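Read through the structure below, which is laid out as structure tokens, and then see the notes.
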Amino acid sequence: MQPSMFNLRVPLEGGDEVFLMNTLTDAQLVVSTDVAALLDRAAKGEFVGTAMASPPDDSERQAWDVLLENGFLVENRASDRRALDDYLTGVKSSTEELNVTLLTTLQCNFACDYCFQGDHGDYNLHADKMSLETAGRVGDWLERELDRVRPERFVFTFFGGEPLLNLPVMYLLAERMWNATESRGVSMFVNIITNGLLLTPAVVDRMLPYGLNGIKITLDGDHDTHNRMRPLRGGQGTFDRIVENIRRVAGRCRISIGGNFDESSVDSYPALLDFLKEQDFADKLVKVNFKPIIRAEPLQPKGIIPLTPVGASRKPLNGTCMTSAGAGHGSTCDSCDFLDDKMSFLRDETRRHGFTPHDGVHNGPCHVHMQHAHTIGPDGSLYPCPGFTGQLATSTGHVDDRSEPVREAARLKFDRLDPWKECGDCAFIPVCAGGCVANSHTQLGDMNLPTCHKRSFESALISLAHTAASAA
Ligand code: SF4
Ligand code: SF4
């Protein structure tokens with residue numbers, strides 16, 4: 001027996017205890033240092049040749065058995081690798097969940113500085129908006145998928161652009177799919193990712209009977225910072241109206257706050273947290289999470305590179321609204337927890353204010369690695385995740401099942417993704433899988449290379465360890 005390559009260890013305050021985590025089994029233990037030392041002794045081969053290849057001492061053997069049961073000890077490196085392959089194959093082919101993100105429109109009523117949609121004055125005149133006819137074809141395809149995949153649950157996320165700019169399509173598909181899932185005995189959960197400006201109790205009440213699970217709303221800092229980062233297209237601020245809308249719908253459904261920060265706005269987040277904490281709806285917020293705005297750098301030489309937020313002069317990743325860069329309950333892309341030194345500071349601040357952030361460790365494998373997760377564009381094109389929308393070359397199909405070599409080639413390419421193969425023995429592979437593939441595509445020009453946010457994982461692990469220790 002030897003320690004698993006997926007073991008992680010954080011010494012706890014006082015020095016007598018250690019937090020152990022195995023990222024493959026997700027086992028988390030707070031143990032005394034002598035139990036953790038058993039792993040080091042096993043690594044040195046101390047128990048090879050003993051009866052049962054384990055410590056002879058009874059009390060040590062009990063601890064040994066716990067480590068074994070929880071995957072901290074494995075037969076050898078090959079068995080660890082096999083277990084990883086089985087896990088990733090299982091994630092990829094799982095039929096438990098059919099997960100679909102629908103972009104009702106690419107139009108937006110905001111003009112966020114960091115958004116690729118915000119830099120064209122006439123963008124909204126031409127941006128795609130799903131027609132009711134296309135929505136009908138989407139419904140047909142979704143029902144075919146329900147019959148083909150036979151999932152236990154259907155998670156349906158409305159996104160954009162600003163999804164609430166196309167309410168008829170949202171209502172039509174939510175109602176149709178609710179009936180379709182009901183008749184097939186499938187649970188349905190609806191999420192909406194919105195800028196919050198058009199969010200009203202009427203919208204919430206209309207969606208509640210169709211499985212509304214959560215709404216994620218973006219606030220990019222305190223009042224003044226948010227108004228600078230997320231103005232209306234006419235330049236007016238949006239903070240007060242959004243907060244008022246949250247107040248009006250809070251308590252009717254799960255609300256999470258997501259925020260995107262860059263170097264100019266990050267310091268305003270504690271003030272936003274102070275503000276949120278004072279609001280009468282504070283206890284209704286199920287999650288509060290902030291992420292760095294990632295802007296596309298020019299292509300880098302191939303290799304594993306650290307991912308860093310860059311200056312405000314460069315434009316972000318392609319794809320849909322940058323609001324997706326933020327985890328909330330059931331958000332589109334809960335995996336985009338990018339590297340940044342400020343992340344752990346904001347995570348701790350969020351906790352300190354009494355809100356729940358994403359733990360920053362459980363980030364993947366993300367939707368791009370799942371055969372039954374899809375993003376649907378306003379024209380009915382299928383994509384593997386929101387980070388690849390808008391380009392024919394990254395579309396994996398179409399809801400009308402048309403056969404086109406370019407989409408078929410993309411589908412095969414995404415089917416063969418395995419960027420973690422370049423990650424060696426990194427213990428974070430089961431919770432990272434090589435990072436954001438959309439980012440690899442944009443930054444490295446090769447989606448099969450990892451974009452590494454290991455530093456962010458390491459700092460998140462320390463926070464997780466301290467949280468686990470205080471709860472133990
Ligand atoms: S590839 Fe990137 S954008 Fe796409 S789901 Fe994964 S983390 Fe999100
Ligand atoms: S991208 Fe980095 S953190 Fe993620 S699995 Fe690879 S080496 Fe580990």
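Letters A, B, ... go to the chains of the structure tokens in the order shown; residues in each chain start at 1; ligands are counted from 1 in the same order.
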
task = Please check which protein, DNA or RNA residues sit within 8 Å of ligand 2, counting only C-alpha atoms and all ligand atoms, and write them as a VMD selection string.
result = chain A and resid 304 419 to 420 422 to 435 450 to 455 457

Saved selection, atoms kept: C-alpha atoms, as a PDB file, in the first residue's frame:
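Result file is part-v1.pdb:
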ATOM      1  CA  ILE A 304       1.106  24.908 -18.925  1.00  0.00           C
ATOM      2  CA  PRO A 419      -5.996  18.338 -21.080  1.00  0.00           C
ATOM      3  CA  TRP A 420      -5.243  16.760 -17.686  1.00  0.00           C
ATOM      4  CA  GLU A 422      -0.393  17.184 -19.402  1.00  0.00           C
ATOM      5  CA  CYS A 423      -0.813  17.680 -15.658  1.00  0.00           C
ATOM      6  CA  GLY A 424       1.479  14.888 -14.473  1.00  0.00           C
ATOM      7  CA  ASP A 425       0.786  13.784 -10.912  1.00  0.00           C
ATOM      8  CA  CYS A 426      -1.086  16.916  -9.852  1.00  0.00           C
ATOM      9  CA  ALA A 427      -3.350  16.050  -6.931  1.00  0.00           C
ATOM     10  CA  PHE A 428      -5.998  18.496  -8.162  1.00  0.00           C
ATOM     11  CA  ILE A 429      -6.799  16.662 -11.412  1.00  0.00           C
ATOM     12  CA  PRO A 430     -10.129  15.214 -10.140  1.00  0.00           C
ATOM     13  CA  VAL A 431     -11.370  18.702  -9.173  1.00  0.00           C
ATOM     14  CA  CYS A 432      -9.810  20.608 -12.044  1.00  0.00           C
ATOM     15  CA  ALA A 433      -9.303  18.310 -15.045  1.00  0.00           C
ATOM     16  CA  GLY A 434      -6.828  20.710 -16.586  1.00  0.00           C
ATOM     17  CA  GLY A 435      -8.720  23.963 -16.104  1.00  0.00           C
ATOM     18  CA  PRO A 450      -4.210  22.901 -19.428  1.00  0.00           C
ATOM     19  CA  THR A 451      -4.648  26.401 -18.092  1.00  0.00           C
ATOM     20  CA  CYS A 452      -3.392  26.075 -14.592  1.00  0.00           C
ATOM     21  CA  HIS A 453      -4.917  27.707 -11.512  1.00  0.00           C
ATOM     22  CA  LYS A 454      -3.074  25.598  -8.993  1.00  0.00           C
ATOM     23  CA  ARG A 455      -2.190  28.512  -6.757  1.00  0.00           C
ATOM     24  CA  PHE A 457      -6.637  25.707  -5.565  1.00  0.00           C
TER      25      PHE A 457
END

Find the residues around A:Ala250 up to 8 Å (only C-alpha atoms counted), leave out those fewer than 6 positions away in its own chain, and share them as a PDB file with N, CA and C atoms, in the first residue's frame.
ATOM      1  N   PHE A 281     -32.830  41.479   3.062  1.00  0.00           N
ATOM      2  CA  PHE A 281     -32.882  40.202   2.348  1.00  0.00           C
ATOM      3  C   PHE A 281     -31.582  39.404   2.507  1.00  0.00           C
ATOM      4  N   LYS A 284     -31.596  35.756   2.840  1.00  0.00           N
ATOM      5  CA  LYS A 284     -32.220  35.026   1.719  1.00  0.00           C
ATOM      6  C   LYS A 284     -31.209  34.718   0.615  1.00  0.00           C
ATOM      7  N   LEU A 285     -29.992  35.247   0.739  1.00  0.00           N
ATOM      8  CA  LEU A 285     -28.986  35.011  -0.303  1.00  0.00           C
ATOM      9  C   LEU A 285     -28.315  33.669  -0.036  1.00  0.00           C
TER      10      LEU A 285
END

**Contacts of A:Pro209 within 10 Å, only C-alpha atoms, excl. fewer than 5 positions in-chain, as a ChimeraX atom specification** = /A:174-175,178,204

One residue among A:Val100, A:Val368, A:Glu278, A:Asp446 is nearest to ligand 1 when using only C-alpha atoms and all ligand atoms, and that residue is A:Val368

Practice prompt. Write out as a ChimeraX atom specification all residues of stretch 154-214 of chain A that backbone DSSP assigns to helix (DSSP H, G or I).
Written response: /A:163-184,201-210
